[in-house]
Amino acid sequence: MSRSQLRLLAVVLTVLIAVVAFQAFDRLPGGLRARIDSERTALATAQKQLSAAQNAVSREIETNAGLFRSLPESQQWPGRFSQAAANLQSADARMRDLTKLEKDGHYQDRAKAESTLATVRRLRNAAESQAATTQAEATRFVDRAKNLPAEAQQMERDYHSIQAFDLAPLKAAVARAESDWPEKKTDLETRLGGVAGLLAQADGVWQSTAKARSEAAAGPPAGFDTGALLSAGDQLKAAADSLPKKAAELQALAGQLYDVWDKILVDMQTRGSGSSREYQQKIRTVRTRLPNAAAKTGATSAEEQWASVPQATFNAMRNNLGMAIEHKSAGKYDFEAEHVAEPAGFAYMAPPSQGSNQYGYWENRGGQSFWVWYGQYALLRDLLFNHSYRPLPRDDWEGYRTYRDRGQTYYGRENESNPPKYGTNGTTTQDRYAGSTYGQSGGFRNSPYASKSGSYRDSPYATPGARSPGGDSSPRSFGSNRPSAPPERSFRPPSPSFRPPPSAGRRFGGRRR
């Protein structure tokens, strides 16, 4: 063989070795293939366990036909086993896909294999749980049927527990809430009826099982309907367990009607980089507890907490610094809270046509109307406006109300050429939250509307904290230096003429319109 032929042969061998080496590495990782093999074994075991559990339950039903004939639960067992079998069939089909990937897949298929493996494991776990739960339930009924005197005693304990429960405090709380918030009367009555219904249901079960309980305690006669007694016992047990829980839930729900609260986005930051990047928001929850619907004052408290949020949530609210991202009014349940971001504090203002409410009033000075807070709500005002309140003009409220009716966020921009007043890019926010982590890290400098802080500090209507940070922040009357609350007014200004253009608002988390 010539030298040139030897060189050619060497090149060919080198290429073949490289191809073989590449193919050896271009496959699923060894650890992943090991987990696939382990799951294949677990799946085969689960199929055997399902068959064994189904056969065991079938034997119990056949042996104790009289017991299970009257048990509603036993009617559900065939369906559970069918669902478990369907889950294993789906898992088996996906395992075949995994086997193919294990044999012919490439390294780039590892994400697909991981996802499929997770699906197989989830389906298998669900099937195993269904089978084990059903078998345990059947065994438990058989064991209980062997000791009916103890079952009768447990029924008596549960019934006495239900009868001893005092509904009077709950009824009083509901009656008070219905008086304060008449619009909730129908709902509260329905919920109270559900709680009281547990008592009536338990009493009916108790009365209807008197003879059966007596026979069970003395030793059941031939033909005794054991299943019916056990089912009745379960009903009493469920009522005894759920009655205090449902009563507490309703008591709390009625109490929520007296709470007003806001969740304000007061800071935000990102930490880390790449896949370990963390998105955080600081939320201030401001809560005011009213003693009754007509109260002129309430107890205000606040708490702040940093929380990590998904990137999508962070991005959706990144324009809402200083805004109330949730607001719940008095007379509403917590689950009825509004989730469209709005300028903090605006929800507390009365319509100008109304003139005033428990929180403050409209005052007319120099031909303009401004909102003034009563002194007793100075703490609430400072928490909502981050200790830098500037009396709000009527035009702002009119714009806010227009956008709120549309389900949009009001940022206070009169037209596209003007900067917004509120939110992350707002001129007031850049002043109020200059000391935040966001502000200190230079976040406001990136705003196209960045402005100098303190532009409102010389206003005669600025709060003491705004004019002189760290100075006297005692509440003052609008246009006065006296630290006393002005009397409630019934001022009625003329009908509004301000109509903000539709291009100024944004929907929560959406694009500028």
# chains A, B, ... in the order shown; residues from 1 in each chain; ligands from 1

call {"tool": "residues_around", "arguments": {"residues": "Ala56 (chain A)", "least_positions_apart": "3", "cutoff": "12 Å", "atoms": "only C-alpha atoms", "output": "list in words"}}
result
Gln49, Leu50, Ser51, Ala52, Ala53, Arg59, Glu60, Ile61, Glu62, Thr63, Phe81, Ala131, Ala132, Thr134, Gln135, Ala136, Glu137, Ala138 and Thr139 of chain A

call {"tool": "residues_around", "arguments": {"residues": "Ser301 (chain A)", "least_positions_apart": "2", "cutoff": "10 Å", "atoms": "only C-alpha atoms", "output": "PyMOL selection string"}}
result
chain A and resi 261+285-289+298-299+303+379-380+383

call {"tool": "select_by_dssp", "arguments": {"residues": "region 162-281 of chain A", "states": "alpha helix (DSSP H)", "output": "PyMOL selection string"}}
result
chain A and resi 162-164+168-180+185-208+210-218+226-256

call {"tool": "residues_around", "arguments": {"residues": "region 227-243 of chain A", "least_positions_apart": "3", "cutoff": "7 Å", "atoms": "only C-alpha atoms", "output": "PyMOL selection string"}}
result
chain A and resi 67-71+155+158-159+161-162+195+198+202+205+212+246-247

call {"tool": "closest_residue", "arguments": {"among": "A:Asn319, A:Thr402, A:Ser179, A:Ser329", "to": "Met268 (chain A)", "atoms": "only C-alpha atoms"}}
result
A:Asn319

call {"tool": "residues_around", "arguments": {"residues": "Ala295 (chain A)", "least_positions_apart": "5", "cutoff": "12 Å", "atoms": "only C-alpha atoms", "output": "short mmCIF file (atom, residue, chain, number, x, y, z; two decimals) with all heavy atoms, in the first residue's frame"}}
result
data_model
loop_
_atom_site.label_atom_id
_atom_site.label_comp_id
_atom_site.auth_asym_id
_atom_site.auth_seq_id
_atom_site.Cartn_x
_atom_site.Cartn_y
_atom_site.Cartn_z
N ASP A 180 -76.02 47.89 59.21
CA ASP A 180 -75.06 48.88 58.72
C ASP A 180 -74.93 48.86 57.20
O ASP A 180 -74.69 49.91 56.58
CB ASP A 180 -73.69 48.63 59.34
CG ASP A 180 -73.58 49.18 60.76
OD1 ASP A 180 -74.34 50.12 61.08
OD2 ASP A 180 -72.76 48.67 61.53
N TYR A 258 -66.44 46.27 57.63
CA TYR A 258 -66.04 47.45 58.39
C TYR A 258 -64.61 47.87 58.13
O TYR A 258 -64.12 48.82 58.73
CB TYR A 258 -66.24 47.18 59.89
CG TYR A 258 -67.69 46.96 60.25
CD1 TYR A 258 -68.25 45.68 60.19
CD2 TYR A 258 -68.51 48.01 60.63
CE1 TYR A 258 -69.58 45.46 60.49
CE2 TYR A 258 -69.85 47.80 60.93
CZ TYR A 258 -70.38 46.53 60.86
OH TYR A 258 -71.71 46.31 61.15
N ASP A 259 -63.94 47.16 57.24
CA ASP A 259 -62.55 47.48 56.90
C ASP A 259 -62.47 48.20 55.56
O ASP A 259 -63.12 47.81 54.59
CB ASP A 259 -61.71 46.20 56.82
CG ASP A 259 -61.35 45.66 58.19
OD1 ASP A 259 -61.38 46.44 59.16
OD2 ASP A 259 -61.06 44.46 58.30
N THR A 288 -58.02 50.75 57.59
CA THR A 288 -58.81 51.54 58.53
C THR A 288 -60.02 50.73 58.95
O THR A 288 -60.79 50.26 58.11
CB THR A 288 -59.26 52.87 57.91
OG1 THR A 288 -58.11 53.63 57.54
CG2 THR A 288 -60.10 53.68 58.89
N ARG A 289 -60.18 50.57 60.27
CA ARG A 289 -61.29 49.81 60.84
C ARG A 289 -62.34 50.80 61.33
O ARG A 289 -62.07 51.63 62.20
CB ARG A 289 -60.80 48.94 61.99
CG ARG A 289 -61.90 48.12 62.66
CD ARG A 289 -62.31 46.96 61.79
NE ARG A 289 -63.23 46.07 62.49
CZ ARG A 289 -63.69 44.94 61.97
NH1 ARG A 289 -63.31 44.56 60.76
NH2 ARG A 289 -64.53 44.18 62.65
N LEU A 290 -63.56 50.70 60.78
CA LEU A 290 -64.65 51.58 61.17
C LEU A 290 -65.51 50.90 62.23
O LEU A 290 -65.83 49.71 62.10
CB LEU A 290 -65.51 51.91 59.96
CG LEU A 290 -64.79 52.56 58.76
CD1 LEU A 290 -65.76 52.74 57.61
CD2 LEU A 290 -64.18 53.88 59.17
N ALA A 330 -65.37 50.17 52.35
CA ALA A 330 -66.25 49.72 53.40
C ALA A 330 -67.54 49.21 52.78
O ALA A 330 -67.99 49.69 51.73
CB ALA A 330 -66.55 50.88 54.36
N ASN A 357 -67.64 63.84 52.83
CA ASN A 357 -67.94 62.54 53.41
C ASN A 357 -67.19 62.45 54.73
O ASN A 357 -66.71 63.46 55.24
CB ASN A 357 -67.58 61.40 52.46
CG ASN A 357 -66.11 61.37 52.07
OD1 ASN A 357 -65.26 61.97 52.76
ND2 ASN A 357 -65.77 60.69 50.99
N GLN A 358 -67.08 61.28 55.30
CA GLN A 358 -66.46 61.15 56.60
C GLN A 358 -64.96 61.43 56.59
O GLN A 358 -64.36 61.70 57.63
CB GLN A 358 -66.68 59.74 57.14
CG GLN A 358 -65.93 58.66 56.35
CD GLN A 358 -66.40 57.27 56.68
OE1 GLN A 358 -67.49 56.87 56.29
NE2 GLN A 358 -65.60 56.55 57.44
N TYR A 359 -64.34 61.40 55.39
CA TYR A 359 -62.90 61.58 55.31
C TYR A 359 -62.48 63.04 55.09
O TYR A 359 -61.36 63.42 55.42
CB TYR A 359 -62.33 60.72 54.18
CG TYR A 359 -62.63 59.26 54.32
CD1 TYR A 359 -63.57 58.63 53.51
CD2 TYR A 359 -61.99 58.48 55.29
CE1 TYR A 359 -63.86 57.29 53.65
CE2 TYR A 359 -62.28 57.14 55.44
CZ TYR A 359 -63.22 56.55 54.61
OH TYR A 359 -63.51 55.21 54.76
N GLN A 376 -58.88 64.14 61.84
CA GLN A 376 -58.85 62.81 62.45
C GLN A 376 -58.35 61.73 61.48
O GLN A 376 -58.04 60.61 61.90
CB GLN A 376 -60.23 62.42 62.99
CG GLN A 376 -61.35 62.41 61.95
CD GLN A 376 -62.13 63.71 61.93
OE1 GLN A 376 -61.55 64.78 62.11
NE2 GLN A 376 -63.44 63.62 61.74
#

call {"tool": "select_by_dssp", "arguments": {"residues": "region 168-410 of chain A", "states": "strand (DSSP E or B)", "output": "JSON, numbers by chain"}}
result
{"A": [259, 260, 261, 262, 263, 264, 265, 266, 267, 268, 269, 270, 271, 278, 279, 280, 281, 282, 283, 284, 285, 286, 287, 288, 289, 299, 300, 301, 302, 303, 304, 305, 306, 307, 308, 309, 323, 324, 325, 326, 327, 328, 338, 342, 343, 356, 360, 361, 362, 363, 364, 365, 368, 369, 370, 371, 372, 373, 392, 393, 409]}

call {"tool": "closest_residue", "arguments": {"among": "A:Ala434, A:Val120, A:Leu28, A:Ala145", "to": "Leu101 (chain A)", "atoms": "only C-alpha atoms"}}
result
A:Leu28

call {"tool": "residues_around", "arguments": {"residues": "region 332-346 of chain A", "least_positions_apart": "2", "cutoff": "9 Å", "atoms": "only C-alpha atoms", "output": "number ranges by chain"}}
result
A: 181, 184, 253-264, 317, 320, 322-330, 348-350, 380-381, 384-385, 392, 397, 400-401, 404, 407-412, 422-423, 507-509

call {"tool": "write_last_selection", "arguments": {"atoms": "C-alpha atoms", "output": "PDB file, in the first residue's frame"}}
result
ATOM      1  CA  TRP A 181     -74.865  47.541  55.158  1.00  0.00           C
ATOM      2  CA  LYS A 184     -75.491  42.838  51.987  1.00  0.00           C
ATOM      3  CA  LEU A 253     -66.813  37.960  56.386  1.00  0.00           C
ATOM      4  CA  ALA A 254     -69.228  40.221  58.254  1.00  0.00           C
ATOM      5  CA  GLY A 255     -66.257  41.903  59.927  1.00  0.00           C
ATOM      6  CA  GLN A 256     -64.635  42.643  56.561  1.00  0.00           C
ATOM      7  CA  LEU A 257     -67.476  45.057  55.781  1.00  0.00           C
ATOM      8  CA  TYR A 258     -66.042  47.453  58.394  1.00  0.00           C
ATOM      9  CA  ASP A 259     -62.552  47.480  56.900  1.00  0.00           C
ATOM     10  CA  VAL A 260     -61.243  49.884  54.273  1.00  0.00           C
ATOM     11  CA  TRP A 261     -57.833  48.991  52.927  1.00  0.00           C
ATOM     12  CA  ASP A 262     -55.353  49.737  50.174  1.00  0.00           C
ATOM     13  CA  LYS A 263     -52.263  47.957  48.944  1.00  0.00           C
ATOM     14  CA  ILE A 264     -49.813  50.573  47.737  1.00  0.00           C
ATOM     15  CA  MET A 317     -46.972  47.027  37.570  1.00  0.00           C
ATOM     16  CA  ASN A 320     -47.504  52.051  39.172  1.00  0.00           C
ATOM     17  CA  GLY A 322     -46.995  55.122  44.532  1.00  0.00           C
ATOM     18  CA  MET A 323     -50.332  53.829  43.242  1.00  0.00           C
ATOM     19  CA  ALA A 324     -52.940  51.791  45.091  1.00  0.00           C
ATOM     20  CA  ILE A 325     -52.750  48.510  43.189  1.00  0.00           C
ATOM     21  CA  GLU A 326     -55.722  47.176  45.201  1.00  0.00           C
ATOM     22  CA  HIS A 327     -58.495  48.988  47.050  1.00  0.00           C
ATOM     23  CA  LYS A 328     -61.307  47.640  49.188  1.00  0.00           C
ATOM     24  CA  SER A 329     -64.131  49.948  50.278  1.00  0.00           C
ATOM     25  CA  ALA A 330     -66.251  49.723  53.404  1.00  0.00           C
ATOM     26  CA  TYR A 348     -61.684  58.151  49.605  1.00  0.00           C
ATOM     27  CA  MET A 349     -62.795  61.438  48.030  1.00  0.00           C
ATOM     28  CA  ALA A 350     -66.475  62.334  47.802  1.00  0.00           C
ATOM     29  CA  LEU A 380     -54.536  57.776  56.858  1.00  0.00           C
ATOM     30  CA  ARG A 381     -53.754  60.706  54.553  1.00  0.00           C
ATOM     31  CA  LEU A 384     -51.650  57.052  51.459  1.00  0.00           C
ATOM     32  CA  PHE A 385     -49.598  59.986  50.181  1.00  0.00           C
ATOM     33  CA  LEU A 392     -56.069  67.609  45.094  1.00  0.00           C
ATOM     34  CA  TRP A 397     -60.886  63.802  40.680  1.00  0.00           C
ATOM     35  CA  TYR A 400     -59.827  59.818  37.854  1.00  0.00           C
ATOM     36  CA  ARG A 401     -63.557  59.085  37.947  1.00  0.00           C
ATOM     37  CA  ARG A 404     -62.224  54.446  36.721  1.00  0.00           C
ATOM     38  CA  GLY A 407     -61.820  50.265  34.098  1.00  0.00           C
ATOM     39  CA  GLN A 408     -58.579  52.138  33.299  1.00  0.00           C
ATOM     40  CA  THR A 409     -55.777  53.582  35.369  1.00  0.00           C
ATOM     41  CA  TYR A 410     -55.631  57.369  35.684  1.00  0.00           C
ATOM     42  CA  TYR A 411     -52.114  58.829  35.623  1.00  0.00           C
ATOM     43  CA  GLY A 412     -53.178  62.467  35.582  1.00  0.00           C
ATOM     44  CA  TYR A 422     -49.022  59.805  39.210  1.00  0.00           C
ATOM     45  CA  GLY A 423     -47.381  56.413  38.853  1.00  0.00           C
ATOM     46  CA  ARG A 507     -55.404  49.592  31.614  1.00  0.00           C
ATOM     47  CA  PHE A 508     -53.786  47.652  34.462  1.00  0.00           C
ATOM     48  CA  GLY A 509     -50.663  46.069  33.102  1.00  0.00           C
TER      49      GLY A 509
END

call {"tool": "closest_residue", "arguments": {"among": "A:Asp267, A:Asp187, A:Glu151, A:Asp395", "to": "Trp306 (chain A)", "atoms": "only C-alpha atoms"}}
result
A:Asp267
